[in-house]
$ cat protein-v4.tsv   # TSV, C-alpha atoms
chain	number	residue	atom	x	y	z
A	1	MET	CA	-51.96	32.64	-37.26
A	2	VAL	CA	-53.69	32.14	-40.59
A	3	GLU	CA	-54.62	35.85	-40.70
A	4	PHE	CA	-50.95	36.74	-41.23
A	5	SER	CA	-50.38	34.20	-44.00
A	6	LEU	CA	-49.69	35.49	-47.50
A	7	LYS	CA	-49.72	32.05	-49.09
A	8	GLY	CA	-51.04	32.29	-52.66
A	9	LYS	CA	-50.53	36.05	-52.78
A	10	VAL	CA	-48.36	38.00	-55.21
A	11	ALA	CA	-46.53	41.20	-54.30
A	12	ILE	CA	-44.69	43.88	-56.23
A	13	VAL	CA	-41.94	45.67	-54.31
A	14	THR	CA	-40.10	48.66	-55.76
A	15	GLY	CA	-36.57	49.77	-54.93
A	16	VAL	CA	-35.06	46.35	-54.20
A	17	SER	CA	-31.51	46.94	-55.43
A	18	SER	CA	-30.55	47.94	-51.88
A	19	GLY	CA	-31.81	49.13	-48.52
A	20	LEU	CA	-35.14	48.49	-46.91
A	21	GLY	CA	-36.73	47.04	-50.05
A	22	ILE	CA	-34.79	43.84	-49.38
A	23	ALA	CA	-36.30	43.53	-45.89
A	24	PHE	CA	-39.82	44.24	-47.15
A	25	THR	CA	-39.48	41.57	-49.85
A	26	GLU	CA	-38.02	39.03	-47.45
A	27	GLY	CA	-40.85	39.62	-44.99
A	28	LEU	CA	-43.55	39.14	-47.60
A	29	ALA	CA	-41.85	36.05	-49.02
A	30	GLU	CA	-41.35	34.54	-45.57
A	31	ALA	CA	-45.10	34.95	-45.03
A	32	GLY	CA	-45.75	32.98	-48.23
A	33	ALA	CA	-45.97	35.55	-51.04
A	34	ASP	CA	-44.27	35.29	-54.41
A	35	CYS	CA	-42.80	38.62	-55.49
A	36	VAL	CA	-41.91	40.74	-58.48
A	37	VAL	CA	-39.16	43.15	-57.52
A	38	CYS	CA	-37.90	46.13	-59.47
A	39	ALA	CA	-35.17	48.76	-59.37
A	40	ARG	CA	-32.95	50.71	-61.74
A	41	ARG	CA	-29.70	48.88	-60.92
A	42	GLU	CA	-30.24	45.55	-62.62
A	43	GLU	CA	-27.16	43.68	-61.44
A	44	LYS	CA	-27.79	44.37	-57.76
A	45	LEU	CA	-31.50	43.72	-58.21
A	46	LYS	CA	-30.92	40.28	-59.74
A	47	ALA	CA	-28.44	39.32	-57.04
A	48	ASN	CA	-30.86	40.35	-54.29
A	49	ALA	CA	-33.75	38.51	-55.93
A	50	GLU	CA	-31.71	35.34	-56.19
A	51	GLU	CA	-30.63	35.57	-52.56
A	52	ILE	CA	-34.17	36.20	-51.29
A	53	ALA	CA	-35.54	33.32	-53.36
A	54	LYS	CA	-32.86	30.99	-51.98
A	55	LYS	CA	-33.49	32.14	-48.41
A	56	THR	CA	-37.31	31.95	-48.49
A	57	GLY	CA	-38.11	29.29	-51.07
A	58	ARG	CA	-40.49	31.65	-52.88
A	59	LYS	CA	-40.39	32.77	-56.51
A	60	ILE	CA	-38.81	36.23	-56.80
A	61	VAL	CA	-38.86	37.77	-60.28
A	62	PRO	CA	-36.59	40.79	-60.91
A	63	VAL	CA	-37.48	43.48	-63.46
A	64	LYS	CA	-35.28	46.46	-64.25
A	65	ALA	CA	-37.49	49.54	-63.97
A	66	ASP	CA	-37.47	53.22	-63.10
A	67	VAL	CA	-40.55	54.26	-61.12
A	68	THR	CA	-40.48	57.70	-62.75
A	69	ASN	CA	-41.04	56.05	-66.15
A	70	GLU	CA	-44.67	55.09	-66.71
A	71	GLU	CA	-43.78	52.60	-69.45
A	72	ASP	CA	-41.45	50.82	-67.03
A	73	ILE	CA	-44.25	50.63	-64.48
A	74	LYS	CA	-46.57	49.06	-67.04
A	75	LYS	CA	-43.83	46.55	-67.88
A	76	VAL	CA	-43.60	45.46	-64.23
A	77	ILE	CA	-47.36	45.00	-64.07
A	78	GLU	CA	-47.24	42.91	-67.25
A	79	VAL	CA	-44.43	40.72	-65.93
A	80	ALA	CA	-46.37	40.07	-62.72
A	81	ASP	CA	-49.48	39.16	-64.68
A	82	LYS	CA	-47.56	36.91	-67.07
A	83	ASN	CA	-45.74	35.05	-64.30
A	84	PHE	CA	-48.47	34.81	-61.68
A	85	GLY	CA	-51.77	35.96	-63.17
A	86	ARG	CA	-52.52	38.29	-60.28
A	87	ILE	CA	-51.23	41.16	-58.13
A	88	ASP	CA	-52.42	41.32	-54.53
A	89	ILE	CA	-49.90	43.66	-52.92
A	90	LEU	CA	-47.92	46.70	-54.00
A	91	VAL	CA	-45.15	48.10	-51.80
A	92	ASN	CA	-44.05	51.52	-53.04
A	93	ASN	CA	-40.59	51.55	-51.50
A	94	ALA	CA	-38.33	53.19	-54.11
A	95	GLY	CA	-37.08	56.54	-52.95
A	96	ILE	CA	-34.27	59.05	-52.94
A	97	ALA	CA	-33.16	61.81	-50.58
A	98	VAL	CA	-31.67	65.20	-51.43
A	99	VAL	CA	-29.83	66.72	-48.47
A	100	GLY	CA	-28.72	70.32	-48.20
A	101	PRO	CA	-29.91	73.79	-47.21
A	102	THR	CA	-32.92	74.91	-49.22
A	103	ILE	CA	-31.19	78.12	-50.32
A	104	GLU	CA	-28.56	75.99	-52.07
A	105	LEU	CA	-30.87	73.50	-53.80
A	106	SER	CA	-31.67	73.65	-57.50
A	107	LYS	CA	-34.90	73.03	-59.35
A	108	GLU	CA	-33.33	69.78	-60.55
A	109	ASP	CA	-32.78	68.68	-56.94
A	110	TRP	CA	-36.46	69.22	-56.20
A	111	ASN	CA	-37.61	67.49	-59.38
A	112	LEU	CA	-35.43	64.45	-58.74
A	113	CYS	CA	-36.80	63.93	-55.26
A	114	VAL	CA	-40.46	64.69	-55.99
A	115	GLN	CA	-40.54	62.64	-59.20
A	116	THR	CA	-39.16	59.56	-57.45
A	117	ASP	CA	-40.66	59.82	-53.96
A	118	LEU	CA	-44.12	61.13	-54.88
A	119	ILE	CA	-44.94	60.90	-58.58
A	120	GLY	CA	-43.47	57.40	-58.84
A	121	VAL	CA	-45.64	56.29	-55.92
A	122	ALA	CA	-48.73	57.84	-57.49
A	123	LEU	CA	-48.14	56.33	-60.93
A	124	PHE	CA	-47.35	52.84	-59.65
A	125	SER	CA	-50.41	52.98	-57.40
A	126	LYS	CA	-52.52	54.06	-60.37
A	127	HIS	CA	-51.53	51.11	-62.54
A	128	ALA	CA	-51.59	48.52	-59.76
A	129	MET	CA	-54.98	49.70	-58.55
A	130	LYS	CA	-56.36	49.67	-62.10
A	131	TYR	CA	-55.16	46.07	-62.49
A	132	MET	CA	-56.68	45.05	-59.13
A	133	VAL	CA	-60.02	46.64	-60.00
A	134	GLU	CA	-60.17	44.98	-63.42
A	135	LYS	CA	-59.32	41.58	-61.90
A	136	GLY	CA	-61.65	42.01	-58.93
A	137	ILE	CA	-58.80	41.58	-56.44
A	138	ASP	CA	-59.12	42.88	-52.87
A	139	GLY	CA	-55.63	44.33	-53.01
A	140	ARG	CA	-53.36	46.18	-50.64
A	141	ILE	CA	-51.17	49.16	-51.48
A	142	ILE	CA	-48.47	49.96	-48.94
A	143	ASN	CA	-46.57	53.22	-49.38
A	144	ILE	CA	-43.25	53.74	-47.66
A	145	ALA	CA	-43.28	57.25	-46.22
A	146	SER	CA	-40.92	58.41	-43.46
A	147	ILE	CA	-40.91	60.00	-40.04
A	148	TYR	CA	-39.87	63.05	-42.05
A	149	GLY	CA	-43.25	62.93	-43.74
A	150	LEU	CA	-44.80	63.35	-40.30
A	151	TRP	CA	-42.50	65.88	-38.64
A	152	GLY	CA	-39.71	68.30	-39.40
A	153	ASP	CA	-36.19	68.02	-38.03
A	154	ILE	CA	-32.98	70.02	-38.00
A	155	ILE	CA	-31.34	67.98	-40.77
A	156	PRO	CA	-31.85	70.05	-43.96
A	157	ALA	CA	-33.58	67.92	-46.62
A	158	ALA	CA	-36.66	69.92	-47.59
A	159	PRO	CA	-37.43	68.09	-50.88
A	160	TYR	CA	-37.48	64.77	-49.02
A	161	TYR	CA	-39.65	66.13	-46.18
A	162	ALA	CA	-42.07	67.65	-48.69
A	163	ALA	CA	-42.33	64.56	-50.90
A	164	LYS	CA	-42.78	62.15	-48.01
A	165	GLY	CA	-45.35	64.47	-46.42
A	166	ALA	CA	-47.25	64.34	-49.69
A	167	VAL	CA	-47.04	60.53	-49.69
A	168	VAL	CA	-48.70	60.54	-46.26
A	169	ASN	CA	-51.69	62.53	-47.46
A	170	PHE	CA	-51.77	60.73	-50.83
A	171	THR	CA	-52.13	57.50	-48.85
A	172	ARG	CA	-55.16	58.88	-47.03
A	173	ALA	CA	-56.76	60.23	-50.20
A	174	LEU	CA	-56.21	57.04	-52.20
A	175	ALA	CA	-57.54	54.91	-49.33
A	176	ILE	CA	-60.89	56.70	-49.63
A	177	GLU	CA	-60.96	56.29	-53.42
A	178	ALA	CA	-59.97	52.62	-53.23
A	179	ALA	CA	-62.34	51.57	-50.44
A	180	PRO	CA	-65.37	50.89	-52.70
A	181	TYR	CA	-63.21	48.34	-54.55
A	182	LYS	CA	-62.14	46.66	-51.28
A	183	ILE	CA	-58.56	47.77	-51.86
A	184	ARG	CA	-56.80	48.96	-48.72
A	185	VAL	CA	-54.12	51.65	-48.79
A	186	ASN	CA	-51.79	52.30	-45.87
A	187	ALA	CA	-48.27	53.57	-45.27
A	188	ILE	CA	-45.27	52.75	-43.15
A	189	ALA	CA	-43.16	55.63	-41.84
A	190	PRO	CA	-39.73	54.25	-40.93
A	191	GLY	CA	-37.38	56.03	-38.60
A	192	TYR	CA	-33.63	55.69	-39.01
A	193	PHE	CA	-32.38	52.33	-40.28
A	194	PRO	CA	-28.89	51.58	-41.64
A	195	SER	CA	-29.13	51.61	-45.43
A	196	GLU	CA	-27.36	52.87	-48.51
A	197	MET	CA	-29.49	56.04	-48.38
A	198	THR	CA	-28.69	56.84	-44.74
A	199	LYS	CA	-25.02	55.78	-44.77
A	200	ASP	CA	-23.52	59.25	-45.16
A	201	VAL	CA	-25.79	60.79	-42.54
A	202	LEU	CA	-25.13	58.05	-39.99
A	203	ASN	CA	-21.37	58.34	-40.51
A	204	ASN	CA	-21.53	61.87	-39.09
A	205	LYS	CA	-21.13	61.39	-35.32
A	206	GLU	CA	-22.89	64.63	-34.41
A	207	ILE	CA	-25.91	63.74	-36.53
A	208	LEU	CA	-25.92	60.17	-35.23
A	209	ASP	CA	-25.87	61.45	-31.65
A	210	HIS	CA	-28.80	63.73	-32.47
A	211	ILE	CA	-30.77	60.82	-33.93
A	212	LEU	CA	-30.08	58.52	-30.98
A	213	ASN	CA	-30.91	61.28	-28.49
A	214	SER	CA	-34.18	61.89	-30.36
A	215	THR	CA	-35.20	58.22	-30.28
A	216	PRO	CA	-36.68	57.01	-26.97
A	217	LEU	CA	-35.44	53.45	-27.56
A	218	GLY	CA	-31.97	54.95	-27.98
A	219	ARG	CA	-30.86	53.02	-31.04
A	220	LEU	CA	-31.22	52.69	-34.79
A	221	GLY	CA	-33.71	50.24	-36.23
A	222	ASN	CA	-32.80	46.84	-37.61
A	223	PRO	CA	-34.28	46.28	-41.11
A	224	GLU	CA	-35.67	42.97	-39.82
A	225	GLU	CA	-37.92	45.04	-37.55
A	226	LEU	CA	-39.83	46.35	-40.57
A	227	LYS	CA	-41.02	42.92	-41.65
A	228	GLY	CA	-43.84	42.71	-39.11
A	229	ALA	CA	-45.42	45.98	-40.22
A	230	VAL	CA	-45.40	45.16	-43.93
A	231	VAL	CA	-46.77	41.64	-43.39
A	232	PHE	CA	-49.46	42.99	-41.07
A	233	LEU	CA	-50.64	45.58	-43.60
A	234	ALA	CA	-50.45	43.09	-46.49
A	235	SER	CA	-52.40	40.36	-44.69
A	236	ASP	CA	-55.95	39.78	-43.52
A	237	ALA	CA	-54.80	40.62	-39.99
A	238	SER	CA	-55.32	44.30	-40.93
A	239	SER	CA	-58.59	43.79	-42.85
A	240	TYR	CA	-60.33	46.77	-41.20
A	241	ILE	CA	-57.39	49.18	-41.47
A	242	THR	CA	-57.01	51.64	-44.34
A	243	GLY	CA	-55.73	55.17	-44.74
A	244	GLN	CA	-53.35	54.81	-41.80
A	245	ILE	CA	-49.69	55.65	-41.30
A	246	ILE	CA	-47.73	53.28	-39.05
A	247	ALA	CA	-44.49	54.73	-37.71
A	248	VAL	CA	-41.75	52.17	-37.07
A	249	ASP	CA	-39.28	54.52	-35.44
A	250	GLY	CA	-38.31	53.51	-31.91
A	251	GLY	CA	-40.61	56.19	-30.52
A	252	TRP	CA	-39.09	59.10	-32.46
A	253	SER	CA	-42.48	60.47	-33.54
A	254	ALA	CA	-43.84	60.28	-29.99
A	255	GLY	CA	-42.24	63.68	-29.43
A	256	SER	CA	-38.87	63.20	-27.78
A	257	THR	CA	-36.59	66.13	-26.94
A	258	LYS	CA	-34.30	67.16	-29.77
A	259	ARG	CA	-31.09	69.13	-29.31
A	260	SER	CA	-29.80	71.60	-31.88
A	261	PHE	CA	-26.57	71.60	-33.82
A	262	ARG	CA	-25.23	73.32	-36.91
A	263	PHE	CA	-25.18	71.04	-39.98
$ encode --input "protein-v4.tsv" --output "structure tokens"
Amino acid sequence: MVEFSLKGKVAIVTGVSSGLGIAFTEGLAEAGADCVVCARREEKLKANAEEIAKKTGRKIVPVKADVTNEEDIKKVIEVADKNFGRIDILVNNAGIAVVGPTIELSKEDWNLCVQTDLIGVALFSKHAMKYMVEKGIDGRIINIASIYGLWGDIIPAAPYYAAKGAVVNFTRALAIEAAPYKIRVNAIAPGYFPSEMTKDVLNNKEILDHILNSTPLGRLGNPEELKGAVVFLASDASSYITGQIIAVDGGWSAGSTKRSFRF
């Protein structure tokens, strides 16, 4: 369907040195978008960009950047403008998790998580939205939240829960601000997918059993299963949708029964 086509569009995706950022970029490129991708780990970023470009036939431009650094964010915007002359889509995917009981966490643990998962999202949205407004582009901003931004769970990771919960409400607030400029802002809340971030958690059999027992579909997600949601929100197929949070979680957030265990 033409409504799902992203041909002629340009996307920025953050956090593409590993994990779900690769799937988001592949999905957008497969739908026809050229992409600027960024992350802190330059070697992995470049390798992923090259692989995605080869696989999809689209232009994928890598830029080393830290989303907590506003000058780096501006650099990414400039590279996108220089290479493509427009930015239609921003996917705020970069994130980090801090796991551990709250009584054992330091101020630095909280700052690390909040700066990356919330402030980085806000700053990148600010500069991308400013660019879109100045260029008169009906853009789309897609924030990657989490099921842990929607609900609590027995796995102790309070900074992550708090930051992702803030991303959920930031998405709603920014959607209202952006609407007069015809810029739509939505979020995706993934459940558990195999990734570098979730590797240690999923290697714990007791935690894995808890996750599978809490997921009505009874399995982890495949990163490929996130492509549909990001393409939908980036395309004209979702032209009357803004300020919404789409959970891609195998039914986890529908309210399944969760058993307790000691972490």
$ closest_residue --input "protein-v4.tsv" --among "A:Ala173, A:Ile12, A:Val230, A:Ala53" --to "Val248 in chain A" --atoms "all atoms listed in the file"
A:Val230
$ closest_residue --input "protein-v4.tsv" --among "A:Lys164, A:Pro180, A:Val13, A:Pro216" --to "Ser125 in chain A" --atoms "all atoms listed in the file"
A:Val13
$ residues_around --input "protein-v4.tsv" --residues "Ser238 in chain A" --least-positions-apart "4" --cutoff "9 Å" --atoms "all atoms listed in the file" --output "ChimeraX atom specification"
/A:3-4,232-234,242
$ residues_around --input "protein-v4.tsv" --residues "Arg58 in chain A" --least-positions-apart "4" --cutoff "8 Å" --atoms "only C-alpha atoms" --output "ChimeraX atom specification"
/A:29-30,32-35,52-54
$ write_last_selection --input "protein-v4.tsv" --atoms "C-alpha atoms" --output "mmCIF file, in the coordinates of the input"
data_model
loop_
_atom_site.group_PDB
_atom_site.id
_atom_site.type_symbol
_atom_site.label_atom_id
_atom_site.label_comp_id
_atom_site.auth_asym_id
_atom_site.auth_seq_id
_atom_site.Cartn_x
_atom_site.Cartn_y
_atom_site.Cartn_z
ATOM 1 C CA ALA A 29 -41.850 36.050 -49.020
ATOM 2 C CA GLU A 30 -41.350 34.540 -45.570
ATOM 3 C CA GLY A 32 -45.750 32.980 -48.230
ATOM 4 C CA ALA A 33 -45.970 35.550 -51.040
ATOM 5 C CA ASP A 34 -44.270 35.290 -54.410
ATOM 6 C CA CYS A 35 -42.800 38.620 -55.490
ATOM 7 C CA ILE A 52 -34.170 36.200 -51.290
ATOM 8 C CA ALA A 53 -35.540 33.320 -53.360
ATOM 9 C CA LYS A 54 -32.860 30.990 -51.980
#
$ residues_near_point --input "protein-v4.tsv" --point "(-48.2, 42.8, -52.8)" --cutoff "6 Å" --atoms "all atoms listed in the file" --output "list of chain:residue names"
A:Val10, A:Ala11, A:Ile12, A:Asp88, A:Ile89, A:Leu90
$ write_last_selection --input "protein-v4.tsv" --atoms "C-alpha atoms" --output "PDB file, in the frame of the given file"
ATOM      1  CA  VAL A  10     -48.360  38.000 -55.210  1.00  0.00           C
ATOM      2  CA  ALA A  11     -46.530  41.200 -54.300  1.00  0.00           C
ATOM      3  CA  ILE A  12     -44.690  43.880 -56.230  1.00  0.00           C
ATOM      4  CA  ASP A  88     -52.420  41.320 -54.530  1.00  0.00           C
ATOM      5  CA  ILE A  89     -49.900  43.660 -52.920  1.00  0.00           C
ATOM      6  CA  LEU A  90     -47.920  46.700 -54.000  1.00  0.00           C
TER       7      LEU A  90
END
$ atom_distance --input "protein-v4.tsv" --atom1 "CA of Val67 in chain A" --atom2 "CA of Ala162 in chain A"
18.3 Å
$ closest_residue --input "protein-v4.tsv" --among "A:Pro156, A:Gly21, A:Pro194, A:Gly85" --to "Arg219 in chain A" --atoms "all atoms listed in the file"
A:Pro194
$ closest_residue --input "protein-v4.tsv" --among "A:Ile144, A:Ile154, A:Leu105, A:Ile188" --to "Ile207 in chain A" --atoms "all atoms listed in the file"
A:Ile154
$ residues_around --input "protein-v4.tsv" --residues "Pro62 in chain A" --least-positions-apart "5" --cutoff "8 Å" --atoms "all atoms listed in the file" --output "ChimeraX atom specification"
/A:36-38,45-46,49
$ write_last_selection --input "protein-v4.tsv" --atoms "C-alpha atoms" --output "short mmCIF file (atom, residue, chain, number, x, y, z; two decimals), in the frame of the given file"
data_model
loop_
_atom_site.label_atom_id
_atom_site.label_comp_id
_atom_site.auth_asym_id
_atom_site.auth_seq_id
_atom_site.Cartn_x
_atom_site.Cartn_y
_atom_site.Cartn_z
CA VAL A 36 -41.91 40.74 -58.48
CA VAL A 37 -39.16 43.15 -57.52
CA CYS A 38 -37.90 46.13 -59.47
CA LEU A 45 -31.50 43.72 -58.21
CA LYS A 46 -30.92 40.28 -59.74
CA ALA A 49 -33.75 38.51 -55.93
#
$ residues_around --input "protein-v4.tsv" --residues "range 93-98 of chain A" --least-positions-apart "2" --cutoff "6 Å" --atoms "only C-alpha atoms" --output "list in words"
Thr14, Gly15, Val91, Cys113, Thr116, Asp117, Ile144, Ala157 and Tyr160 of chain A
$ closest_residue --input "protein-v4.tsv" --among "A:Ala229, A:Ala189, A:Leu212, A:Ala80" --to "Val168 in chain A" --atoms "all atoms listed in the file"
A:Ala189
$ residues_near_point --input "protein-v4.tsv" --point "(-38.5, 55.0, -39.0)" --cutoff "8 Å" --atoms "all atoms listed in the file" --output "list in words"
Ser146, Ile147, Ala189, Pro190, Gly191, Tyr192, Phe193, Gly221, Ala247, Val248, Asp249, Gly250 and Trp252 of chain A
$ residues_around --input "protein-v4.tsv" --residues "Ile183 in chain A" --least-positions-apart "3" --cutoff "7 Å" --atoms "all atoms listed in the file" --output "list in words"
Asp138, Gly139, Arg140, Ala178 and Ala179 of chain A
$ atom_distance --input "protein-v4.tsv" --atom1 "CA of Ser5 in chain A" --atom2 "CA of Lys82 in chain A"
23.4 Å
$ closest_residue --input "protein-v4.tsv" --among "A:Leu123, A:Val61, A:Leu6, A:Ile155" --to "Ala237 in chain A" --atoms "all atoms listed in the file"
A:Leu6
$ atom_distance --input "protein-v4.tsv" --atom1 "CA of Gly27 in chain A" --atom2 "CA of Leu226 in chain A"
8.1 Å
$ axis_aligned_box --input "protein-v4.tsv" --around "range 58-67 of chain A" --padding-each-side "5 Å" --output "lines of an AutoDock Vina configuration file"
center_x = -37.9
center_y = 43.0
center_z = -58.6
size_x = 15.3
size_y = 32.6
size_z = 21.4
$ decode --input "protein-v4.tsv" --residues "range 128-203 of chain A" --atoms "C-alpha atoms" --output "compact mmCIF listing (two decimals), in the first residue's frame"
# COMPACT_ATOMS: atom_id res chain seq x y z
CA ALA A 128 14.74 17.70 15.10
CA MET A 129 11.41 19.43 15.67
CA LYS A 130 13.03 22.86 15.30
CA TYR A 131 14.52 21.74 11.97
CA MET A 132 11.18 20.34 10.77
CA VAL A 133 9.34 23.53 11.70
CA GLU A 134 11.89 25.75 9.96
CA LYS A 135 11.75 23.59 6.81
CA GLY A 136 7.96 23.25 6.88
CA ILE A 137 8.17 19.45 7.05
CA ASP A 138 5.23 17.40 8.36
CA GLY A 139 7.56 15.25 10.41
CA ARG A 140 7.21 12.28 12.71
CA ILE A 141 8.98 11.77 16.02
CA ILE A 142 8.91 8.22 17.37
CA ASN A 143 10.18 7.67 20.91
CA ILE A 144 11.15 4.21 22.08
CA ALA A 145 9.71 3.77 25.55
CA SER A 146 9.21 0.36 27.20
CA ILE A 147 6.58 -1.78 28.85
CA TYR A 148 8.40 -0.66 31.99
CA GLY A 149 7.32 2.88 31.21
CA LEU A 150 3.73 1.65 31.42
CA TRP A 151 3.83 -0.75 34.37
CA GLY A 152 6.02 -1.82 37.24
CA ASP A 153 7.48 -5.30 37.65
CA ILE A 154 9.43 -7.28 40.20
CA ILE A 155 12.78 -6.82 38.44
CA PRO A 156 14.50 -3.94 40.29
CA ALA A 157 15.47 -1.20 37.82
CA ALA A 158 13.84 1.95 39.19
CA PRO A 159 15.88 4.50 37.16
CA TYR A 160 14.87 2.74 33.94
CA TYR A 161 11.19 2.51 34.95
CA ALA A 162 11.18 6.18 35.93
CA ALA A 163 12.93 7.43 32.80
CA LYS A 164 10.81 5.39 30.42
CA GLY A 165 7.64 6.44 32.26
CA ALA A 166 8.72 10.03 31.71
CA VAL A 167 9.27 9.32 28.00
CA VAL A 168 5.67 8.11 27.79
CA ASN A 169 4.27 11.36 29.16
CA PHE A 170 6.84 13.47 27.30
CA THR A 171 5.51 11.87 24.11
CA ARG A 172 1.98 12.96 24.95
CA ALA A 173 3.03 16.48 25.91
CA LEU A 174 5.19 17.00 22.81
CA ALA A 175 2.44 15.63 20.56
CA ILE A 176 0.18 18.47 21.69
CA GLU A 177 2.90 21.08 21.18
CA ALA A 178 3.84 19.71 17.76
CA ALA A 179 0.33 19.29 16.37
CA PRO A 180 -0.05 22.89 15.08
CA TYR A 181 3.04 22.26 12.92
CA LYS A 182 1.60 18.99 11.55
CA ILE A 183 4.35 17.04 13.29
CA ARG A 184 3.16 13.80 14.86
CA VAL A 185 4.76 12.36 18.00
CA ASN A 186 4.17 8.78 19.14
CA ALA A 187 6.01 6.08 21.04
CA ILE A 188 6.62 2.37 20.84
CA ALA A 189 6.81 0.40 24.10
CA PRO A 190 8.65 -2.85 23.40
CA GLY A 191 8.39 -5.86 25.64
CA TYR A 192 11.28 -8.27 25.98
CA PHE A 193 13.42 -8.77 22.88
CA PRO A 194 16.87 -10.41 22.74
CA SER A 195 19.44 -7.61 22.64
CA GLU A 196 22.73 -6.53 24.12
CA MET A 197 20.83 -4.65 26.85
CA THR A 198 18.67 -7.61 27.87
CA LYS A 199 21.32 -10.34 27.50
CA ASP A 200 22.25 -10.61 31.18
CA VAL A 201 18.64 -10.59 32.34
CA LEU A 202 17.55 -13.23 29.84
CA ASN A 203 20.47 -15.48 30.80
